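Source file: data.txt; contents: compact mmCIF, C-alpha atoms.
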```txt
# COMPACT_ATOMS: atom_id res chain seq x y z
CA MET V 1 -11.17 36.62 37.28
CA ARG V 2 -8.36 34.24 38.29
CA PHE V 3 -10.86 31.42 38.70
CA LEU V 4 -12.25 32.02 35.21
CA PHE V 5 -8.73 32.08 33.72
CA LYS V 6 -7.85 28.74 35.37
CA ARG V 7 -11.10 27.17 34.18
CA VAL V 8 -10.60 28.35 30.59
CA LEU V 9 -6.99 27.10 30.70
CA ARG V 10 -8.16 23.63 31.88
CA ILE V 11 -10.74 23.48 29.08
CA ILE V 12 -8.08 24.41 26.49
CA ILE V 13 -5.63 21.79 27.82
CA PHE V 14 -8.37 19.15 27.93
CA GLY V 15 -9.36 20.00 24.36
CA LEU V 16 -5.77 19.71 23.17
CA VAL V 17 -5.29 16.35 24.85
CA VAL V 18 -8.58 14.89 23.63
CA CYS V 19 -8.81 16.48 20.18
CA VAL V 20 -5.24 16.27 18.90
CA PRO V 21 -5.08 13.37 16.46
CA THR V 22 -2.70 10.55 17.17
CA PHE V 23 -0.53 9.24 14.39
CA THR V 24 0.20 5.57 13.87
CA HIS V 25 2.89 4.17 11.65
CA ALA V 26 1.22 1.54 9.51
CA ALA V 27 2.97 -0.48 6.84
CA THR V 28 2.23 0.59 3.28
CA LEU V 29 2.08 -1.09 -0.11
CA ARG V 30 2.96 0.99 -3.15
CA LEU V 31 3.68 0.64 -6.84
CA SER V 32 7.00 1.57 -8.41
CA PRO V 33 7.05 3.45 -10.64
CA ASP V 34 3.90 5.15 -9.40
CA THR V 35 3.31 7.13 -12.61
CA GLY V 36 4.21 6.91 -16.26
CA VAL V 37 3.09 7.48 -19.82
CA TYR V 38 3.27 4.46 -22.10
CA VAL V 39 3.29 3.80 -25.83
CA SER V 40 0.63 1.57 -27.37
CA GLY V 41 1.73 -2.05 -27.74
CA LYS V 42 4.79 -1.67 -25.48
CA ASN V 43 5.51 -3.54 -22.25
CA PHE V 44 6.36 -1.95 -18.92
CA THR V 45 6.95 -3.42 -15.47
CA VAL V 46 5.56 -2.27 -12.13
CA GLN V 47 6.84 -3.54 -8.78
CA VAL V 48 4.70 -3.97 -5.67
CA ILE V 49 6.83 -2.56 -2.84
CA LEU V 50 6.33 -2.89 0.92
CA ASN V 51 7.40 -0.26 3.47
CA THR V 52 6.98 -1.49 7.05
CA GLN V 53 7.45 1.98 8.59
CA GLY V 54 9.94 0.50 11.05
CA LYS V 55 7.65 -2.25 12.37
CA PRO V 56 8.38 -5.92 11.55
CA ILE V 57 5.78 -7.76 9.44
CA ASN V 58 5.43 -11.34 8.28
CA ALA V 59 2.64 -11.36 5.68
CA ALA V 60 0.74 -9.25 3.16
CA ASP V 61 -1.97 -9.66 0.57
CA ALA V 62 -3.60 -7.36 -1.95
CA GLU V 63 -5.58 -7.05 -5.14
CA LEU V 64 -4.57 -4.63 -7.89
CA THR V 65 -7.05 -3.40 -10.46
CA PHE V 66 -6.61 -1.98 -13.94
CA ASN V 67 -8.78 -1.20 -16.94
CA PRO V 68 -8.54 -4.24 -19.27
CA ARG V 69 -9.32 -2.00 -22.27
CA GLU V 70 -6.10 -0.07 -21.55
CA LEU V 71 -3.77 -2.77 -20.20
CA SER V 72 -3.17 -6.49 -20.18
CA VAL V 73 -0.88 -8.48 -17.91
CA VAL V 74 1.95 -10.24 -19.75
CA SER V 75 3.51 -11.87 -16.68
CA VAL V 76 3.76 -11.79 -12.90
CA ALA V 77 7.04 -12.61 -11.13
CA LYS V 78 7.54 -13.16 -7.41
CA GLY V 79 9.92 -10.78 -5.66
CA SER V 80 12.52 -11.75 -3.11
CA LEU V 81 10.61 -10.71 0.02
CA PHE V 82 8.24 -13.65 0.61
CA THR V 83 9.06 -17.36 0.64
CA LEU V 84 5.58 -18.70 1.42
CA TRP V 85 2.49 -17.97 -0.66
CA THR V 86 -1.05 -18.37 0.70
CA LEU V 87 -2.32 -17.08 -2.64
CA GLU V 88 0.07 -17.56 -5.54
CA PRO V 89 0.25 -14.37 -7.62
CA THR V 90 -2.54 -14.64 -10.19
CA PHE V 91 -4.09 -12.30 -12.72
CA SER V 92 -7.21 -11.96 -14.87
CA ASN V 93 -7.01 -9.80 -17.97
CA ALA V 94 -10.78 -10.20 -18.42
CA GLN V 95 -11.52 -8.77 -14.96
CA GLY V 96 -8.52 -6.42 -14.77
CA THR V 97 -7.08 -7.83 -11.55
CA VAL V 98 -3.82 -9.08 -10.04
CA SER V 99 -4.01 -10.84 -6.65
CA PHE V 100 -1.44 -12.20 -4.23
CA GLY V 101 -0.96 -13.27 -0.63
CA GLY V 102 2.35 -14.24 0.91
CA GLY V 103 4.62 -14.14 3.86
CA SER V 104 7.95 -14.91 5.41
CA PRO V 105 8.49 -16.92 8.62
CA GLN V 106 11.52 -14.81 9.57
CA GLY V 107 9.57 -11.58 8.99
CA TYR V 108 10.67 -8.37 7.30
CA ASN V 109 11.41 -4.85 8.45
CA GLY V 110 12.39 -2.34 5.79
CA SER V 111 11.27 0.36 3.39
CA ASN V 112 11.80 -1.16 -0.04
CA GLY V 113 10.72 -4.83 0.04
CA SER V 114 9.92 -6.24 -3.40
CA ILE V 115 6.84 -8.47 -3.21
CA LEU V 116 6.28 -8.99 -6.93
CA SER V 117 6.70 -7.51 -10.39
CA VAL V 118 3.89 -7.22 -12.91
CA THR V 119 4.66 -6.73 -16.59
CA PHE V 120 1.85 -5.01 -18.48
CA ARG V 121 1.28 -4.36 -22.18
CA SER V 122 -0.34 -1.06 -23.01
CA ALA V 123 -3.30 -1.35 -25.40
CA SER V 124 -3.30 2.36 -26.19
CA ALA V 125 -1.04 5.37 -25.68
CA GLY V 126 -1.63 7.27 -22.47
CA ALA V 127 -1.38 7.03 -18.70
CA PRO V 128 -3.42 3.98 -17.63
CA LYS V 129 -4.08 3.50 -13.91
CA VAL V 130 -3.12 0.53 -11.76
CA THR V 131 -4.49 0.82 -8.24
CA PHE V 132 -4.87 -1.19 -5.05
CA LYS V 133 -8.45 -2.38 -4.68
CA ASN V 134 -7.64 -3.75 -1.24
CA GLY V 135 -4.68 -4.92 0.78
CA SER V 136 -3.46 -5.82 4.22
CA VAL V 137 -0.14 -6.22 5.98
CA LEU V 138 0.18 -8.38 9.10
CA ALA V 139 2.51 -7.47 11.94
CA ALA V 140 5.07 -10.02 13.09
CA ASP V 141 3.83 -10.45 16.65
```

Full structure transcribed into structure tokens:
Amino acid sequence: MRFLFKRVLRIIIFGLVVCVPTFTHAATLRLSPDTGVYVSGKNFTVQVILNTQGKPINAADAELTFNPRELSVVSVAKGSLFTLWTLEPTFSNAQGTVSFGGGSPQGYNGSNGSILSVTFRSASAGAPKVTFKNGSVLAAD
């Protein structure tokens, strides 16, 4: 009986060690504000914000998408976070995209880094969606 108990205990411990997920702290890109309801024909601005989750980074790139029947980009302005741009912030109202790629030689570590601001004009009343199609953040290593 004791032998069986020890064996079951080893299996449980092994299962906990092997099966418990590990959590990594990866940098995140987000939009601010992340929600809103907008009036037709009015402008609103969304910032692309970087949170490094406590790990220093030195570059990021991404592509935002939106429905061009609901929104159009009026302007894109660089934030204060990056000083070098591998891909100048660009947009296409026909395709419904905003793209950028930039970095900083001295790196960044923080939770509220402003990469860029995008001013949109709403084509109709409602809650249009702006989402990240893809994106990456590079560690400063």

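Nearest-residue note for Ala60 in chain V: choosing from V:Val48, V:Val118, V:Ala94, V:Ala127, the minimum distance belongs to V:Val48, counting all atoms listed in the file.
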
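For the set V:Phe44, V:Trp85, V:Phe91, V:Phe132, the residue with the smallest atom-to-atom gap to Gly103 in chain V is V:Trp85, counting all atoms listed in the file.
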
Quick one: everything within 10 Å of range 61-78 of chain V, counting all atoms listed in the file, minus sequence neighbours fewer than 2 positions away in the same chain. Send it as a VMD selection string.
chain V and resid 29 31 40 to 41 43 to 48 59 80 to 83 85 to 103 114 to 138

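You will find CA of Ala139 in chain V at 28.6 Å from CA of Thr35 in chain V.
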
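Atom to atom, CA of Ser104 in chain V and CA of Arg30 in chain V stand 18.7 Å apart.
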
Please identify all polymer residues within 10 Å of Gly110 in chain V, counting all atoms listed in the file, omitting same-chain residues fewer than 3 positions from it, and present them as a list in words.
Ala27, Leu50, Asn51, Thr52, Gln53, Gly54, Lys55, Pro56, Ile57 and Gly113 of chain V

Extract range 117-128 of chain V from the preceding block and save N, CA and C atoms as a tab-separated table (two decimals), in the first residue's frame.
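Output (part_19.tsv):
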```tsv
chain	number	residue	atom	x	y	z
V	117	SER	N	0.39	58.13	-33.54
V	117	SER	CA	-1.03	58.48	-33.42
V	117	SER	C	-1.64	58.46	-34.81
V	118	VAL	N	-2.82	57.90	-34.92
V	118	VAL	CA	-3.53	57.84	-36.19
V	118	VAL	C	-4.86	58.57	-36.02
V	119	THR	N	-5.08	59.57	-36.86
V	119	THR	CA	-6.36	60.29	-36.83
V	119	THR	C	-7.23	59.73	-37.94
V	120	PHE	N	-8.40	59.24	-37.55
V	120	PHE	CA	-9.37	58.67	-38.48
V	120	PHE	C	-10.56	59.62	-38.62
V	121	ARG	N	-11.26	59.49	-39.75
V	121	ARG	CA	-12.56	60.13	-39.95
V	121	ARG	C	-13.57	59.01	-40.12
V	122	SER	N	-14.63	59.09	-39.35
V	122	SER	CA	-15.67	58.08	-39.40
V	122	SER	C	-16.61	58.36	-40.57
V	123	ALA	N	-16.85	57.34	-41.40
V	123	ALA	CA	-17.73	57.50	-42.56
V	123	ALA	C	-19.19	57.30	-42.19
V	124	SER	N	-19.43	56.63	-41.07
V	124	SER	CA	-20.80	56.40	-40.63
V	124	SER	C	-20.80	56.29	-39.11
V	125	ALA	N	-21.96	56.53	-38.50
V	125	ALA	CA	-22.06	56.42	-37.04
V	125	ALA	C	-21.90	54.96	-36.64
V	126	GLY	N	-21.29	54.73	-35.50
V	126	GLY	CA	-21.15	53.36	-35.02
V	126	GLY	C	-19.86	53.14	-34.28
V	127	ALA	N	-19.47	51.87	-34.21
V	127	ALA	CA	-18.25	51.47	-33.50
V	127	ALA	C	-17.35	50.70	-34.45
V	128	PRO	N	-16.67	51.39	-35.37
V	128	PRO	CA	-15.79	50.71	-36.32
V	128	PRO	C	-14.61	50.07	-35.60
```
